[in-house]
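K.L.:
Take a look at my_file-v5.txt, compact mmCIF, C-alpha atoms:
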# COMPACT_ATOMS: atom_id res chain seq x y z
CA MET A 281 89.33 -111.92 62.01
CA LYS A 282 92.39 -111.11 64.07
CA ARG A 283 94.33 -114.16 65.24
CA LYS A 284 94.23 -114.81 68.96
CA GLN A 285 97.65 -114.33 70.51
CA ARG A 286 99.07 -117.39 72.21
CA ILE A 287 100.27 -116.63 75.74
CA VAL A 288 102.52 -118.97 77.73
CA GLY A 289 103.69 -118.70 81.31
CA ILE A 290 107.21 -120.02 81.93
CA ILE A 291 108.49 -120.61 85.45
CA PRO A 292 112.31 -120.66 85.75
CA ALA A 293 113.30 -123.06 88.53
CA ARG A 294 116.98 -123.53 89.32
CA TYR A 295 118.02 -126.25 91.75
CA GLN A 296 121.31 -124.70 92.87
CA SER A 297 120.94 -121.62 95.05
CA THR A 298 123.45 -119.90 97.29
CA ARG A 299 120.94 -119.20 100.01
CA PHE A 300 118.56 -122.15 99.57
CA GLU A 301 119.66 -125.19 97.57
CA GLY A 302 116.81 -127.22 96.12
CA LYS A 303 114.31 -124.44 96.84
CA PRO A 304 111.76 -125.41 94.14
CA LEU A 305 111.37 -128.81 95.82
CA ALA A 306 110.98 -127.45 99.35
CA MET A 307 107.76 -128.74 100.87
CA ILE A 308 104.87 -126.45 101.83
CA LEU A 309 101.81 -128.12 103.34
CA GLY A 310 102.91 -131.45 101.95
CA LYS A 311 103.53 -130.27 98.38
CA PRO A 312 106.71 -128.96 96.70
CA MET A 313 106.82 -125.19 96.29
CA ILE A 314 107.01 -125.45 92.50
CA GLN A 315 103.66 -127.25 92.50
CA HIS A 316 102.00 -124.39 94.38
CA VAL A 317 103.40 -121.85 91.90
CA TYR A 318 102.35 -124.00 88.93
CA LYS A 319 98.81 -124.57 90.17
CA GLN A 320 98.29 -120.88 90.93
CA SER A 321 99.57 -119.95 87.49
CA LEU A 322 97.14 -122.36 85.81
CA LYS A 323 94.29 -120.36 87.34
CA CYS A 324 95.20 -117.39 85.15
CA LYS A 325 92.55 -117.30 82.43
CA LEU A 326 94.75 -115.56 79.84
CA LEU A 327 97.47 -118.21 79.87
CA ASP A 328 97.22 -120.93 77.24
CA GLU A 329 99.96 -123.04 78.82
CA VAL A 330 102.34 -123.12 81.79
CA ILE A 331 105.83 -124.65 81.58
CA VAL A 332 108.58 -125.05 84.16
CA ALA A 333 112.06 -124.26 82.80
CA THR A 334 114.66 -126.03 84.91
CA ASP A 335 118.29 -127.13 84.91
CA ASP A 336 117.74 -130.25 87.00
CA ASP A 337 116.21 -133.68 86.32
CA ARG A 338 114.85 -133.84 89.88
CA ILE A 339 112.64 -130.84 89.23
CA VAL A 340 111.51 -132.26 85.88
CA LYS A 341 110.54 -135.52 87.61
CA CYS A 342 108.70 -133.62 90.35
CA VAL A 343 106.70 -131.50 87.89
CA ASN A 344 105.81 -134.50 85.73
CA GLY A 345 104.78 -136.27 88.90
CA PHE A 346 102.00 -133.79 89.71
CA GLY A 347 100.87 -133.64 86.07
CA GLY A 348 102.71 -130.47 85.04
CA LEU A 349 104.91 -129.73 82.05
CA ALA A 350 108.66 -129.16 82.47
CA MET A 351 111.52 -128.65 80.04
CA LEU A 352 115.21 -129.15 80.78
CA THR A 353 117.56 -126.25 80.05
CA LYS A 354 121.27 -125.52 80.18
CA THR A 355 122.79 -125.03 83.61
CA ASP A 356 124.88 -121.94 82.89
CA HIS A 357 122.24 -119.27 82.25
CA PRO A 358 123.19 -115.94 83.92
CA THR A 359 119.55 -115.04 84.69
CA GLY A 360 116.16 -116.67 85.00
CA THR A 361 114.99 -114.76 81.93
CA ASP A 362 117.74 -116.38 79.84
CA ARG A 363 116.41 -119.74 81.00
CA VAL A 364 112.89 -118.68 80.03
CA ALA A 365 114.11 -117.62 76.58
CA GLU A 366 115.67 -121.03 75.92
CA VAL A 367 112.31 -122.70 76.46
CA ALA A 368 110.46 -119.96 74.54
CA LYS A 369 112.50 -120.78 71.42
CA LYS A 370 111.12 -124.32 71.46
CA ILE A 371 107.42 -123.44 71.67
CA LYS A 372 104.77 -121.45 69.83
CA ALA A 373 103.84 -118.25 71.65
CA ASP A 374 103.30 -114.56 70.99
CA ILE A 375 103.62 -113.41 74.61
CA ILE A 376 105.80 -114.97 77.29
CA VAL A 377 105.21 -114.40 81.01
CA ASN A 378 108.18 -114.96 83.32
CA ILE A 379 106.68 -116.27 86.57
CA GLN A 380 109.07 -116.53 89.50
CA GLY A 381 109.40 -120.05 90.91
CA ASP A 382 109.62 -118.82 94.51
CA GLU A 383 106.18 -117.14 94.57
CA PRO A 384 103.79 -119.82 95.92
CA LEU A 385 101.35 -117.09 97.00
CA ILE A 386 101.10 -115.52 93.55
CA VAL A 387 97.60 -114.25 92.70
CA PRO A 388 96.33 -115.28 89.24
CA GLU A 389 94.88 -111.81 88.59
CA MET A 390 98.42 -110.38 88.88
CA ILE A 391 99.35 -112.38 85.79
CA ASN A 392 96.20 -111.34 83.92
CA SER A 393 96.84 -107.65 84.60
CA LEU A 394 100.45 -107.98 83.45
CA ILE A 395 99.36 -109.38 80.08
CA LYS A 396 96.57 -106.90 79.29
CA PRO A 397 98.80 -103.92 78.28
CA LEU A 398 100.51 -106.12 75.67
CA LEU A 399 97.13 -107.08 74.24
CA ALA A 400 95.85 -103.51 74.24
CA ASP A 401 98.87 -101.57 72.98
CA PRO A 402 101.23 -102.86 70.26
CA SER A 403 103.87 -100.29 71.28
CA VAL A 404 104.37 -102.06 74.64
CA TYR A 405 107.03 -104.77 74.52
CA VAL A 406 107.66 -105.52 78.19
CA THR A 407 105.61 -105.21 81.38
CA ASN A 408 106.71 -105.44 85.01
CA SER A 409 104.41 -105.90 88.01
CA ILE A 410 104.84 -103.33 90.81
CA THR A 411 103.16 -102.52 94.12
CA HIS A 412 103.32 -100.00 96.94
CA ILE A 413 105.87 -100.22 99.74
CA LYS A 414 103.99 -99.88 103.01
CA ASN A 415 106.71 -100.14 105.63
CA LEU A 416 110.08 -98.55 106.31
CA GLY A 417 111.82 -101.93 106.44
CA ASP A 418 111.08 -102.66 102.77
CA TYR A 419 112.03 -99.11 101.81
CA LEU A 420 115.49 -99.57 103.34
CA ASP A 421 115.98 -103.26 102.47
CA SER A 422 118.48 -103.72 99.62
CA THR A 423 116.85 -107.01 98.60
CA VAL A 424 113.69 -105.06 97.73
CA VAL A 425 113.96 -103.44 94.29
CA LYS A 426 112.47 -99.93 94.29
CA VAL A 427 110.87 -98.43 91.18
CA ALA A 428 110.47 -94.90 89.80
CA ILE A 429 107.85 -94.46 87.06
CA ASP A 430 106.95 -91.62 84.71
CA CYS A 431 103.54 -90.11 83.88
CA ASN A 432 102.87 -92.83 81.29
CA LYS A 433 103.54 -95.56 83.90
CA ASP A 434 106.76 -96.52 82.13
CA ILE A 435 109.67 -97.33 84.44
CA MET A 436 112.39 -94.68 84.69
CA TYR A 437 114.72 -96.62 86.99
CA LEU A 438 115.03 -99.68 89.20
CA THR A 439 117.34 -99.67 92.21
CA ARG A 440 118.08 -101.35 95.51
CA SER A 441 118.55 -97.93 97.10
CA PRO A 442 115.65 -96.15 98.87
CA ILE A 443 114.05 -93.84 96.29
CA PRO A 444 112.61 -91.28 95.96
CA TYR A 445 114.58 -89.24 98.47
CA PRO A 446 112.11 -87.17 100.61
CA LYS A 447 113.82 -83.78 100.34
CA THR A 448 110.53 -81.88 100.33
CA ARG A 449 107.41 -82.38 102.40
CA GLN A 450 105.30 -83.25 99.40
CA ARG A 451 103.29 -86.44 99.58
CA TYR A 452 104.91 -89.23 97.61
CA THR A 453 104.52 -92.91 96.91
CA VAL A 454 107.23 -95.54 97.23
CA LEU A 455 107.02 -98.46 94.82
CA LYS A 456 108.73 -101.81 94.41
CA GLU A 457 108.84 -104.45 91.71
CA ILE A 458 107.48 -107.90 92.40
CA GLY A 459 109.62 -109.67 89.81
CA LEU A 460 106.83 -110.77 87.50
CA TYR A 461 107.51 -109.89 83.84
CA SER A 462 105.90 -110.39 80.45
CA PHE A 463 107.53 -110.02 77.04
CA ARG A 464 106.53 -110.06 73.43
CA ARG A 465 108.28 -113.13 72.07
CA ASN A 466 110.54 -111.34 69.59
CA PHE A 467 111.59 -108.71 72.11
CA LEU A 468 112.47 -111.41 74.65
CA PHE A 469 114.96 -112.87 72.17
CA LYS A 470 116.33 -109.41 71.43
CA TYR A 471 116.75 -108.76 75.15
CA VAL A 472 118.74 -111.91 75.93
CA LYS A 473 121.12 -111.13 73.06
CA MET A 474 121.96 -107.75 74.59
CA LYS A 475 125.20 -107.58 76.54
CA GLN A 476 124.82 -107.09 80.27
CA THR A 477 124.96 -103.36 81.01
CA PRO A 478 126.84 -101.31 83.65
CA GLN A 479 123.90 -100.43 85.89
CA GLU A 480 122.48 -103.94 85.58
CA LEU A 481 125.75 -105.38 86.86
CA ILE A 482 126.15 -102.77 89.61
CA GLU A 483 122.60 -103.12 90.94
CA GLY A 484 122.09 -106.79 90.12
CA ILE A 485 118.74 -105.99 88.47
CA GLU A 486 118.35 -107.61 85.05
CA LEU A 487 115.62 -105.36 83.62
CA LEU A 488 117.98 -102.38 83.82
CA ARG A 489 119.54 -103.85 80.67
CA ILE A 490 116.38 -102.91 78.79
CA LEU A 491 116.31 -99.34 80.12
CA GLU A 492 120.03 -98.83 79.47
CA ASN A 493 119.50 -99.82 75.85
CA GLY A 494 116.81 -97.16 75.42
CA TYR A 495 113.69 -99.34 75.50
CA LYS A 496 110.64 -98.85 77.71
CA VAL A 497 109.19 -101.14 80.36
CA ARG A 498 105.52 -100.57 81.20
CA SER A 499 104.74 -100.92 84.90
CA VAL A 500 101.53 -102.60 86.02
CA MET A 501 100.24 -101.74 89.49
CA THR A 502 98.80 -104.44 91.70
CA ASN A 503 97.43 -104.30 95.24
CA ALA A 504 98.62 -107.84 95.82
CA ASN A 505 101.96 -108.16 97.56
CA PRO A 506 102.70 -111.89 97.91
CA MET A 507 105.66 -112.98 99.97
CA SER A 508 108.43 -114.70 98.02
CA VAL A 509 110.64 -117.46 99.41
CA ASP A 510 114.34 -116.57 99.53
CA THR A 511 115.31 -118.32 102.76
CA LEU A 512 114.19 -121.15 105.03
CA SER A 513 112.61 -118.63 107.41
CA ASP A 514 110.58 -117.25 104.48
CA LEU A 515 109.41 -120.78 103.72
CA ILE A 516 108.19 -121.22 107.29
CA GLU A 517 106.35 -117.89 107.19
CA VAL A 518 104.71 -118.67 103.83
CA GLU A 519 103.53 -122.03 105.14
CA LYS A 520 101.91 -120.26 108.12
CA ILE A 521 100.11 -117.87 105.75
CA MET A 522 98.88 -120.71 103.54
CA LEU A 523 97.77 -122.79 106.53
CA LYS A 524 95.79 -119.86 107.93
CA SER A 525 94.20 -119.25 104.52
CA SER A 526 93.19 -122.89 104.12
CA LYS A 527 91.56 -122.88 107.57
CA ASN A 528 89.62 -119.71 106.75
CA ARG A 529 88.20 -121.35 103.61
CA LYS A 530 86.78 -124.27 105.60
Give the structure from this file in structure tokens form.

P.N.:
Amino acid sequence: MKRKQRIVGIIPARYQSTRFEGKPLAMILGKPMIQHVYKQSLKCKLLDEVIVATDDDRIVKCVNGFGGLAMLTKTDHPTGTDRVAEVAKKIKADIIVNIQGDEPLIVPEMINSLIKPLLADPSVYVTNSITHIKNLGDYLDSTVVKVAIDCNKDIMYLTRSPIPYPKTRQRYTVLKEIGLYSFRRNFLFKYVKMKQTPQELIEGIELLRILENGYKVRSVMTNANPMSVDTLSDLIEVEKIMLKSSKNRK
């Protein structure tokens, strides 16, 4: 009988942030944002465990306070994925899901769908959740990472520029990444040992390091498009969305 693969979700949560210091502890409807992300992640049926990877004792105390599991990491990691990898080395897991700590509206099925290609196809090492861009603002916004995929749904390129360029009148789809990744454990460790690459540094998109080293990233389409929290105004908007949702459920 084939051994069941152990799958762990790890949420990188850094206290220091240029645009929003202490963001994981920002309150939404009376609870810290990291708690909302954690609780939503626990609803994912394919995850065996969820862990917060953080560089700050205040976040560890907060997570322990609501009954979650947190592990302290170094403070000098260049990316959230490096922080995830540090925790991954200390646990037993076959597949690691990198769940962004500023996604309190994350839908559990998004995580499930991200994991399934790794379970179905041993040639897939990394998956990245993507969705459609439905407005011109996101298409032009440099904070939104656009995605080009091939016929096998593998990612050809990630960029902050608006792509594809509409030179012809053919119908086309514009895609963006959500920033939800899953890795096979061994490939995650291989990835973080790679030197940062030219396009990765130019664009500020960490998964370009994988593409520039000749590996594939399988895209996973989702209809969900949850709003992430990058600024205080985003936090206010997310709280409005969650308040409206809670009222509709009553």

K.L.:
Axis-aligned box over every listed atom of stretch 437-454 of chain A, padded by 6 Å per side: centre and edges in Å to one decimal, as AutoDock Vina command-line options?

P.N.:
--center_x 110.9 --center_y -91.6 --center_z 94.7 --size_x 27.3 --size_y 31.5 --size_z 27.4

K.L.:
So which residues fall inside 8 Å of (104.4, -98.8, 93.4) if we count only C-alpha atoms? Mind giving them as a ChimeraX atom specification?

P.N.:
/A:410-413,427,453-457,501

K.L.:
So, with only C-alpha atoms as the atoms that count, which of A:Ala428, A:Tyr318, A:Val500, A:Phe467 lies closest to A:Tyr452?

P.N.:
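For A:Tyr452, the nearest of the candidates is A:Ala428.
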
K.L.:
Find the distance between atom CA of A:Lys470 and atom CA of A:Pro402 and write it in Å to one decimal.

P.N.:
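Separation of atom CA of A:Lys470 and atom CA of A:Pro402: 16.5 Å.
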
K.L.:
Show which residues sit within 12 Å of A:Lys341, as an NGL selection string. Count all atoms listed in the file, and ignore same-chain residues fewer than 5 positions away.

P.N.:
:A and (305 or 312 or 314-315 or 332 or 334-336 or 346-352)

K.L.:
Based on the selection just made, write C-alpha atoms of those residues as an mmCIF file, in the coordinates of the input.

P.N.:
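Result written to selection02.cif:
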data_model
loop_
_atom_site.group_PDB
_atom_site.id
_atom_site.type_symbol
_atom_site.label_atom_id
_atom_site.label_comp_id
_atom_site.auth_asym_id
_atom_site.auth_seq_id
_atom_site.Cartn_x
_atom_site.Cartn_y
_atom_site.Cartn_z
ATOM 1 C CA LEU A 305 111.370 -128.810 95.820
ATOM 2 C CA PRO A 312 106.710 -128.960 96.700
ATOM 3 C CA ILE A 314 107.010 -125.450 92.500
ATOM 4 C CA GLN A 315 103.660 -127.250 92.500
ATOM 5 C CA VAL A 332 108.580 -125.050 84.160
ATOM 6 C CA THR A 334 114.660 -126.030 84.910
ATOM 7 C CA ASP A 335 118.290 -127.130 84.910
ATOM 8 C CA ASP A 336 117.740 -130.250 87.000
ATOM 9 C CA PHE A 346 102.000 -133.790 89.710
ATOM 10 C CA GLY A 347 100.870 -133.640 86.070
ATOM 11 C CA GLY A 348 102.710 -130.470 85.040
ATOM 12 C CA LEU A 349 104.910 -129.730 82.050
ATOM 13 C CA ALA A 350 108.660 -129.160 82.470
ATOM 14 C CA MET A 351 111.520 -128.650 80.040
ATOM 15 C CA LEU A 352 115.210 -129.150 80.780
#

K.L.:
Find the distance between atom CA of A:Val288 and atom CA of A:Asp434 and write it in Å to one decimal.

P.N.:
23.3 Å
